[in-house]
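target.tsv follows; it contains TSV, C-alpha atoms.
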chain	number	residue	atom	x	y	z
A	88	VAL	CA	74.43	177.55	170.87
A	89	ILE	CA	72.09	176.99	173.80
A	90	HIS	CA	68.34	176.95	173.15
A	91	PHE	CA	66.14	178.06	176.06
A	92	ARG	CA	62.46	177.07	176.26
A	93	ASN	CA	59.73	178.29	178.64
A	94	VAL	CA	61.11	181.85	178.55
A	95	SER	CA	58.57	184.31	180.00
A	96	GLN	CA	57.85	187.70	178.45
A	97	GLU	CA	59.66	189.64	181.16
A	98	ILE	CA	62.97	187.82	180.62
A	99	SER	CA	65.40	190.02	178.69
A	100	GLN	CA	68.62	189.47	176.77
A	101	SER	CA	70.52	190.71	179.82
A	102	ASP	CA	68.83	188.08	181.99
A	103	ILE	CA	69.86	185.29	179.60
A	104	THR	CA	73.40	186.65	179.40
A	105	GLU	CA	73.66	186.80	183.19
A	106	ALA	CA	72.53	183.19	183.49
A	107	CYS	CA	75.18	182.07	180.98
A	108	GLN	CA	78.18	184.13	182.06
A	109	PRO	CA	79.26	181.89	184.98
A	110	PHE	CA	80.07	179.19	182.43
A	111	GLY	CA	82.02	181.20	179.86
A	112	ASN	CA	82.13	184.10	177.42
A	113	VAL	CA	78.76	184.84	175.79
A	114	GLN	CA	79.00	186.16	172.23
A	115	GLN	CA	75.35	186.75	171.35
A	116	VAL	CA	71.84	186.35	172.77
A	117	VAL	CA	68.55	186.36	170.86
A	118	VAL	CA	65.16	186.37	172.61
A	119	LEU	CA	62.17	185.06	170.61
A	120	ARG	CA	59.28	186.49	172.62
A	121	SER	CA	56.56	185.22	170.29
A	122	LYS	CA	57.77	181.65	170.91
A	123	ASN	CA	58.80	182.05	174.57
A	124	GLN	CA	62.29	180.95	173.57
A	125	ALA	CA	65.82	182.32	173.54
A	126	LEU	CA	69.21	181.44	172.03
A	127	ALA	CA	72.64	182.09	173.51
A	128	GLN	CA	75.96	181.54	171.76
A	129	PHE	CA	79.15	180.89	173.75
A	130	SER	CA	82.58	181.50	172.26
A	131	GLU	CA	83.56	177.91	173.13
A	132	ILE	CA	81.54	174.68	172.99
A	133	GLY	CA	83.08	173.65	176.33
A	134	SER	CA	81.21	176.49	178.05
A	135	ALA	CA	77.89	175.25	176.70
A	136	ILE	CA	78.71	171.71	177.82
A	137	LYS	CA	79.50	172.92	181.35
A	138	MET	CA	76.24	174.86	181.53
A	139	LEU	CA	74.09	171.93	180.43
A	140	ALA	CA	75.96	169.55	182.73
A	141	TYR	CA	75.31	171.86	185.68
A	142	HIS	CA	71.62	172.35	184.89
A	143	ALA	CA	71.11	168.62	184.36
A	144	THR	CA	70.79	168.43	188.16
A	145	THR	CA	70.10	172.07	189.09
A	146	PRO	CA	67.07	173.95	187.67
A	147	CYS	CA	67.82	177.01	185.56
A	148	ILE	CA	65.80	179.78	187.22
A	149	ILE	CA	65.57	183.19	185.54
A	150	ARG	CA	63.36	185.85	187.11
A	151	GLY	CA	61.62	183.17	189.14
A	152	ARG	CA	60.86	181.06	186.07
A	153	ALA	CA	62.30	177.62	185.44
A	154	VAL	CA	63.58	177.75	181.87
A	155	ILE	CA	64.78	174.69	179.98
A	156	PRO	CA	68.25	174.92	178.37
A	157	GLN	CA	69.38	172.46	175.71
A	158	PHE	CA	71.68	172.40	172.69
A	159	SER	CA	70.32	174.18	169.64
A	160	LYS	CA	70.37	172.71	166.14
A	161	ASN	CA	72.11	175.90	165.00
A	162	GLN	CA	75.90	175.97	164.96
A	163	GLU	CA	76.03	179.73	165.37
A	164	LEU	CA	73.84	182.83	165.40
A	165	THR	CA	74.47	184.94	162.32
A	166	GLY	CA	71.25	186.81	161.78
A	167	GLY	CA	69.32	187.13	164.98
A	168	ALA	CA	65.93	185.44	165.03
A	169	SER	CA	66.24	184.48	161.36
A	170	ALA	CA	69.21	182.28	162.24
A	171	ALA	CA	67.15	180.54	164.88
A	172	ALA	CA	64.54	179.63	162.31
A	173	GLY	CA	67.07	178.37	159.78
A	174	GLY	CA	67.75	174.71	159.15
A	175	ASN	CA	70.99	172.81	158.76
A	176	SER	CA	73.02	173.59	155.66
A	177	SER	CA	73.85	170.86	153.21
A	178	SER	CA	77.50	169.95	152.73
A	179	GLY	CA	76.98	167.66	149.74
A	180	GLU	CA	78.02	164.60	151.79
A	181	THR	CA	75.93	161.48	152.20
A	182	PRO	CA	74.63	161.52	155.79
A	183	ASN	CA	75.68	158.61	157.97
A	184	ARG	CA	75.10	157.78	161.63
A	185	ILE	CA	78.89	157.38	162.00
A	186	LEU	CA	80.88	160.61	162.13
A	187	LEU	CA	84.57	160.95	161.30
A	188	VAL	CA	85.96	163.58	163.66
A	189	THR	CA	89.39	165.18	163.25
A	190	ILE	CA	90.61	166.97	166.39
A	191	GLN	CA	92.87	169.80	165.30
A	192	ASN	CA	95.41	171.40	167.65
A	193	PRO	CA	94.84	168.84	170.46
A	194	LEU	CA	96.65	170.58	173.31
A	195	TYR	CA	94.71	168.59	175.92
A	196	PRO	CA	94.14	164.82	176.24
A	197	ILE	CA	91.19	163.53	174.25
A	198	THR	CA	89.56	160.39	175.65
A	199	VAL	CA	86.32	158.52	175.11
A	200	ASP	CA	84.87	160.22	178.17
A	201	VAL	CA	85.65	163.68	176.79
A	202	LEU	CA	84.03	162.91	173.42
A	203	ASN	CA	81.08	161.31	175.16
A	204	GLN	CA	80.43	164.59	177.02
A	205	VAL	CA	80.66	166.53	173.75
A	206	PHE	CA	78.53	164.28	171.53
A	207	SER	CA	76.01	162.60	173.87
A	208	PRO	CA	73.75	165.68	174.26
A	209	TYR	CA	72.62	165.12	170.66
A	210	GLY	CA	71.49	161.52	170.97
A	211	SER	CA	72.26	157.96	171.97
A	212	LEU	CA	75.89	157.02	171.35
A	213	GLU	CA	76.69	153.41	170.51
A	214	LYS	CA	80.45	153.38	169.96
A	215	ILE	CA	83.52	155.62	169.91
A	216	VAL	CA	86.98	154.79	168.55
A	217	ILE	CA	89.95	157.20	168.83
A	218	PHE	CA	93.07	156.77	166.70
A	219	ASN	CA	95.98	158.58	165.06
A	220	LYS	CA	96.38	158.91	161.30
A	221	ALA	CA	98.39	161.05	158.92
A	222	ALA	CA	95.65	163.68	159.23
A	223	GLY	CA	96.27	163.79	162.98
A	224	LEU	CA	94.15	162.74	165.94
A	225	GLN	CA	90.83	161.36	164.76
A	226	ALA	CA	87.78	159.59	166.15
A	227	LEU	CA	84.79	157.68	164.84
A	228	VAL	CA	81.56	158.41	166.70
A	229	GLN	CA	78.61	156.11	166.07
A	230	TYR	CA	75.05	157.16	166.91
A	231	ALA	CA	72.03	154.89	167.17
A	232	VAL	CA	69.97	157.13	164.87
A	233	LEU	CA	70.95	158.99	161.69
A	234	ASP	CA	69.12	162.21	162.61
A	235	GLU	CA	71.12	162.47	165.84
A	236	ALA	CA	74.40	162.30	163.93
A	237	VAL	CA	73.19	164.93	161.47
A	238	GLN	CA	72.30	167.31	164.30
A	239	ALA	CA	75.61	166.72	166.08
A	240	LYS	CA	77.60	167.42	162.91
A	241	ALA	CA	75.64	170.58	162.12
A	242	THR	CA	76.12	171.95	165.64
A	243	LEU	CA	79.66	170.88	166.55
A	244	HIS	CA	81.59	171.22	163.29
A	245	GLY	CA	84.20	173.96	163.69
A	246	GLN	CA	83.71	174.27	167.45
A	247	ASN	CA	86.49	174.07	170.07
A	248	ILE	CA	86.29	171.61	172.95
A	249	TYR	CA	88.67	173.79	174.96
A	250	ALA	CA	89.43	177.48	174.54
A	251	GLY	CA	91.63	177.95	171.49
A	252	SER	CA	92.33	174.24	171.00
A	253	CYS	CA	90.88	170.83	170.12
A	254	THR	CA	88.89	172.14	167.15
A	255	LEU	CA	86.38	169.65	165.73
A	256	HIS	CA	86.36	169.02	161.98
A	257	ILE	CA	83.48	166.62	161.31
A	258	GLN	CA	82.65	164.57	158.22
A	259	TYR	CA	80.34	161.66	157.59
A	260	SER	CA	82.11	158.30	157.62
A	261	ASN	CA	81.49	155.71	154.91
A	262	LEU	CA	81.51	152.83	157.42
A	263	ASN	CA	78.37	150.91	158.32
A	264	ASP	CA	79.34	149.78	161.82
A	265	LEU	CA	82.32	150.07	164.17
A	266	THR	CA	84.11	147.09	165.71
A	267	VAL	CA	85.12	147.58	169.34
A	268	LYS	CA	86.99	144.82	171.21
A	269	ALA	CA	87.60	146.57	174.54
A	270	ASN	CA	86.24	149.41	176.64
A	271	THR	CA	89.24	151.69	177.22
A	272	ASP	CA	90.11	155.39	177.12
A	273	LYS	CA	90.38	155.10	173.33
A	274	THR	CA	87.60	152.67	172.41
A	275	ARG	CA	84.14	152.16	173.86
A	276	ASP	CA	81.02	150.14	173.07
A	277	PHE	CA	78.30	151.73	175.19
A	278	ARG	CA	75.95	148.85	174.42
A	279	ASN	CA	78.35	146.22	175.76
A	280	PRO	CA	79.77	147.18	179.18
A	281	ASN	CA	81.09	143.63	179.67
A	282	LEU	CA	83.94	143.97	177.18
A	283	PRO	CA	87.52	143.76	178.54
A	284	THR	CA	88.87	147.00	180.00
A	285	GLU	CA	92.28	146.51	178.36
A	286	ALA	CA	93.08	146.44	174.66
A	287	PRO	CA	94.05	143.03	173.22
A	288	PRO	CA	97.82	142.51	173.63
A	289	ARG	CA	100.07	143.07	170.66
A	290	GLU	CA	103.53	141.64	170.06
A	291	ARG	CA	106.13	144.24	171.06
A	292	PRO	CA	109.65	144.49	169.62
A	293	VAL	CA	112.21	142.04	170.92
A	294	GLY	CA	114.04	143.39	173.95
A	295	LEU	CA	111.02	145.25	175.37
A	296	GLY	CA	109.60	142.41	177.36
A	297	SER	CA	107.56	141.01	174.50
A	298	VAL	CA	106.73	137.43	173.75
A	299	ILE	CA	109.59	136.09	171.63
A	300	PRO	CA	108.49	134.05	168.63
A	301	THR	CA	109.53	130.40	168.86
A	302	ILE	CA	112.45	129.58	166.55
A	303	PRO	CA	113.27	125.89	166.04
A	304	GLY	CA	116.63	124.96	167.58
A	305	MET	CA	117.08	128.18	169.56
A	306	SER	CA	118.77	127.48	172.86
A	307	PRO	CA	117.37	128.73	176.18
A	308	HIS	CA	120.55	130.86	176.53
A	309	MET	CA	119.92	132.61	173.20
A	310	MET	CA	116.30	133.16	174.10
A	311	GLN	CA	117.48	134.84	177.29
A	312	GLN	CA	119.94	137.03	175.36
A	313	LEU	CA	117.15	138.26	173.11
A	314	LEU	CA	115.19	139.32	176.13

When written as structure tokens, how does the structure in this file appear?
Amino acid sequence: VIHFRNVSQEISQSDITEACQPFGNVQQVVVLRSKNQALAQFSEIGSAIKMLAYHATTPCIIRGRAVIPQFSKNQELTGGASAAAGGNSSSGETPNRILLVTIQNPLYPITVDVLNQVFSPYGSLEKIVIFNKAAGLQALVQYAVLDEAVQAKATLHGQNIYAGSCTLHIQYSNLNDLTVKANTDKTRDFRNPNLPTEAPPRERPVGLGSVIPTIPGMSPHMMQQLL
């Protein structure tokens, strides 16, 4: 959901819809005239990301007025203006600044840069780690501030990064801090850009060009055969 501020009285729902349509399918628009605000819900989170990325450098002008688009705290619009006034629902979890994100149906590559685009609009990211578990493709996303993580979870849970795929299932992690040893496509410490850009090497199976463990008495010929 995109939240528009500085919306003048003459701006209508149709005007907001027209401003959003170049970026994707618009499901619902609510104009809050008493607050000079409006809310627009896209069918896909990727459309909202594209819109905000575009207007980060290009003013959003509607009927000659520069309005200010940003992500809303609301995950979806369910009851018009009343939904806009509603707060985040409680899930019974203990809030944490580290989010555990499961990416369901990942038909497209998911990298640190992709998740950074999705999660950074809600606050300052410190670290991201992407990995595979029995539950599927997962990531840990660490914010600098707890409130930012809470807002990101409330807004992004259940949303798709791409149309019909890469659905985000978000929980609070029970970790206190993430350990990142390299800045790669799968791990990133945004506070430490001087980390290596390659993951630490691991021993690979014999015969795949790995480092062969030293065995006392093994001849150079046998070592070569193992390679």

| request: Find the spatial neighbours of stretch 218-226 of chain A, counting all atoms listed in the file, within a cut-off of 6 Å - ignore same-chain residues fewer than 6 positions away - and output them as a list in words. | output: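 Answer for this query is Leu187, Val188, Thr189 and Ile190 of chain A.
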
| Proximity to A:Lys240 - best of A:Val228, A:Cys253, A:Met138, A:Val113, all atoms listed in the file |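 Nearest candidate to A:Lys240 out of A:Val228, A:Cys253, A:Met138, A:Val113: A:Val228.
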
Pick out the residues sitting within 10 Å of A:Phe158, and hand them over as an mmCIF file with C-alpha atoms, keeping the file's coordinate frame; count all atoms listed in the file, and ignore anything fewer than 5 positions along from it in its own chain.
data_model
loop_
_atom_site.group_PDB
_atom_site.id
_atom_site.type_symbol
_atom_site.label_atom_id
_atom_site.label_comp_id
_atom_site.auth_asym_id
_atom_site.auth_seq_id
_atom_site.Cartn_x
_atom_site.Cartn_y
_atom_site.Cartn_z
ATOM 1 C CA VAL A 88 74.430 177.550 170.870
ATOM 2 C CA ILE A 89 72.090 176.990 173.800
ATOM 3 C CA HIS A 90 68.340 176.950 173.150
ATOM 4 C CA PHE A 91 66.140 178.060 176.060
ATOM 5 C CA LEU A 126 69.210 181.440 172.030
ATOM 6 C CA ALA A 127 72.640 182.090 173.510
ATOM 7 C CA ALA A 135 77.890 175.250 176.700
ATOM 8 C CA ILE A 136 78.710 171.710 177.820
ATOM 9 C CA LEU A 139 74.090 171.930 180.430
ATOM 10 C CA PRO A 208 73.750 165.680 174.260
ATOM 11 C CA TYR A 209 72.620 165.120 170.660
ATOM 12 C CA GLN A 238 72.300 167.310 164.300
ATOM 13 C CA ALA A 239 75.610 166.720 166.080
ATOM 14 C CA THR A 242 76.120 171.950 165.640
#

| message | List the spatial neighbours of stretch 262-279 of chain A as a ChimeraX atom specification - criterion: any atom at most 6 Å away, only C-alpha atoms, same-chain residues fewer than 3 positions off excluded. | response | /A:198-199,213-217,282-284,286

| query | Which distance in Å separates atom CA of A:Cys147 and atom CA of A:Cys107, to one decimal? | reply | 10.0 Å

| What separation in Å, quoted to one decimal, exists between atom CA of A:Ile132 and atom CA of A:Val205? | 8.2 Å

| message | So the first atom is atom CA of A:Ile149 and the second is atom CA of A:Glu131; what is the distance between them in Å, to one decimal place? | response |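 Pair atom CA of A:Ile149 / atom CA of A:Glu131 returns 22.5 Å.
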
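Across A:Val94, A:Ile148, A:Ile257, A:Ile197, the tightest approach to A:Leu227 is made by A:Ile257 when counting only C-alpha atoms.
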
| request: Within 12 Å of A:Glu180, counting only C-alpha atoms, which residues show up once you throw out same-chain ones fewer than 4 positions away? Write them as an MDAnalysis selection string, please. | output: chainID A and resid 176 186 237 240 257:261

| request: Counting all atoms listed in the file, figure out which residue out of A:Thr254, A:Gln191, A:Gln204, A:Ser159 gets nearest to A:Lys137. | output: A:Gln204

Complete the atoms of stretch 95-109 of chain A to N, CA, C and O atoms and put them out as a PDB file, in the frame of the given file.
ATOM      1  N   SER A  95      59.711 183.404 179.805  1.00  0.00           N
ATOM      2  CA  SER A  95      58.570 184.310 180.000  1.00  0.00           C
ATOM      3  C   SER A  95      58.826 185.653 179.336  1.00  0.00           C
ATOM      4  O   SER A  95      59.961 186.001 178.991  1.00  0.00           O
ATOM      5  N   GLN A  96      57.774 186.438 179.172  1.00  0.00           N
ATOM      6  CA  GLN A  96      57.850 187.700 178.450  1.00  0.00           C
ATOM      7  C   GLN A  96      58.772 188.714 179.131  1.00  0.00           C
ATOM      8  O   GLN A  96      59.362 189.570 178.478  1.00  0.00           O
ATOM      9  N   GLU A  97      58.867 188.646 180.441  1.00  0.00           N
ATOM     10  CA  GLU A  97      59.660 189.640 181.160  1.00  0.00           C
ATOM     11  C   GLU A  97      61.160 189.336 181.139  1.00  0.00           C
ATOM     12  O   GLU A  97      61.985 190.156 181.560  1.00  0.00           O
ATOM     13  N   ILE A  98      61.544 188.162 180.673  1.00  0.00           N
ATOM     14  CA  ILE A  98      62.970 187.820 180.620  1.00  0.00           C
ATOM     15  C   ILE A  98      63.620 188.515 179.437  1.00  0.00           C
ATOM     16  O   ILE A  98      63.167 188.413 178.294  1.00  0.00           O
ATOM     17  N   SER A  99      64.718 189.219 179.713  1.00  0.00           N
ATOM     18  CA  SER A  99      65.400 190.020 178.690  1.00  0.00           C
ATOM     19  C   SER A  99      66.691 189.345 178.239  1.00  0.00           C
ATOM     20  O   SER A  99      67.127 188.329 178.792  1.00  0.00           O
ATOM     21  N   GLN A 100      67.327 189.959 177.229  1.00  0.00           N
ATOM     22  CA  GLN A 100      68.620 189.470 176.770  1.00  0.00           C
ATOM     23  C   GLN A 100      69.649 189.523 177.901  1.00  0.00           C
ATOM     24  O   GLN A 100      70.474 188.612 178.047  1.00  0.00           O
ATOM     25  N   SER A 101      69.582 190.574 178.701  1.00  0.00           N
ATOM     26  CA  SER A 101      70.520 190.710 179.820  1.00  0.00           C
ATOM     27  C   SER A 101      70.340 189.592 180.832  1.00  0.00           C
ATOM     28  O   SER A 101      71.327 189.092 181.397  1.00  0.00           O
ATOM     29  N   ASP A 102      69.089 189.174 181.044  1.00  0.00           N
ATOM     30  CA  ASP A 102      68.830 188.080 181.990  1.00  0.00           C
ATOM     31  C   ASP A 102      69.440 186.775 181.483  1.00  0.00           C
ATOM     32  O   ASP A 102      70.047 186.010 182.251  1.00  0.00           O
ATOM     33  N   ILE A 103      69.294 186.499 180.188  1.00  0.00           N
ATOM     34  CA  ILE A 103      69.860 185.290 179.600  1.00  0.00           C
ATOM     35  C   ILE A 103      71.381 185.333 179.675  1.00  0.00           C
ATOM     36  O   ILE A 103      72.040 184.348 180.041  1.00  0.00           O
ATOM     37  N   THR A 104      71.938 186.488 179.351  1.00  0.00           N
ATOM     38  CA  THR A 104      73.400 186.650 179.400  1.00  0.00           C
ATOM     39  C   THR A 104      73.922 186.410 180.807  1.00  0.00           C
ATOM     40  O   THR A 104      74.928 185.717 181.011  1.00  0.00           O
ATOM     41  N   GLU A 105      73.233 186.962 181.802  1.00  0.00           N
ATOM     42  CA  GLU A 105      73.660 186.800 183.190  1.00  0.00           C
ATOM     43  C   GLU A 105      73.625 185.350 183.626  1.00  0.00           C
ATOM     44  O   GLU A 105      74.482 184.891 184.389  1.00  0.00           O
ATOM     45  N   ALA A 106      72.633 184.604 183.134  1.00  0.00           N
ATOM     46  CA  ALA A 106      72.530 183.190 183.490  1.00  0.00           C
ATOM     47  C   ALA A 106      73.647 182.365 182.851  1.00  0.00           C
ATOM     48  O   ALA A 106      74.055 181.331 183.392  1.00  0.00           O
ATOM     49  N   CYS A 107      74.156 182.827 181.711  1.00  0.00           N
ATOM     50  CA  CYS A 107      75.180 182.070 180.980  1.00  0.00           C
ATOM     51  C   CYS A 107      76.601 182.421 181.401  1.00  0.00           C
ATOM     52  O   CYS A 107      77.507 181.577 181.318  1.00  0.00           O
ATOM     53  N   GLN A 108      76.820 183.645 181.825  1.00  0.00           N
ATOM     54  CA  GLN A 108      78.180 184.130 182.060  1.00  0.00           C
ATOM     55  C   GLN A 108      79.009 183.323 183.058  1.00  0.00           C
ATOM     56  O   GLN A 108      80.231 183.249 182.895  1.00  0.00           O
ATOM     57  N   PRO A 109      78.421 182.694 184.085  1.00  0.00           N
ATOM     58  CA  PRO A 109      79.260 181.890 184.980  1.00  0.00           C
ATOM     59  C   PRO A 109      79.968 180.733 184.297  1.00  0.00           C
ATOM     60  O   PRO A 109      80.933 180.184 184.833  1.00  0.00           O
TER      61      PRO A 109
END
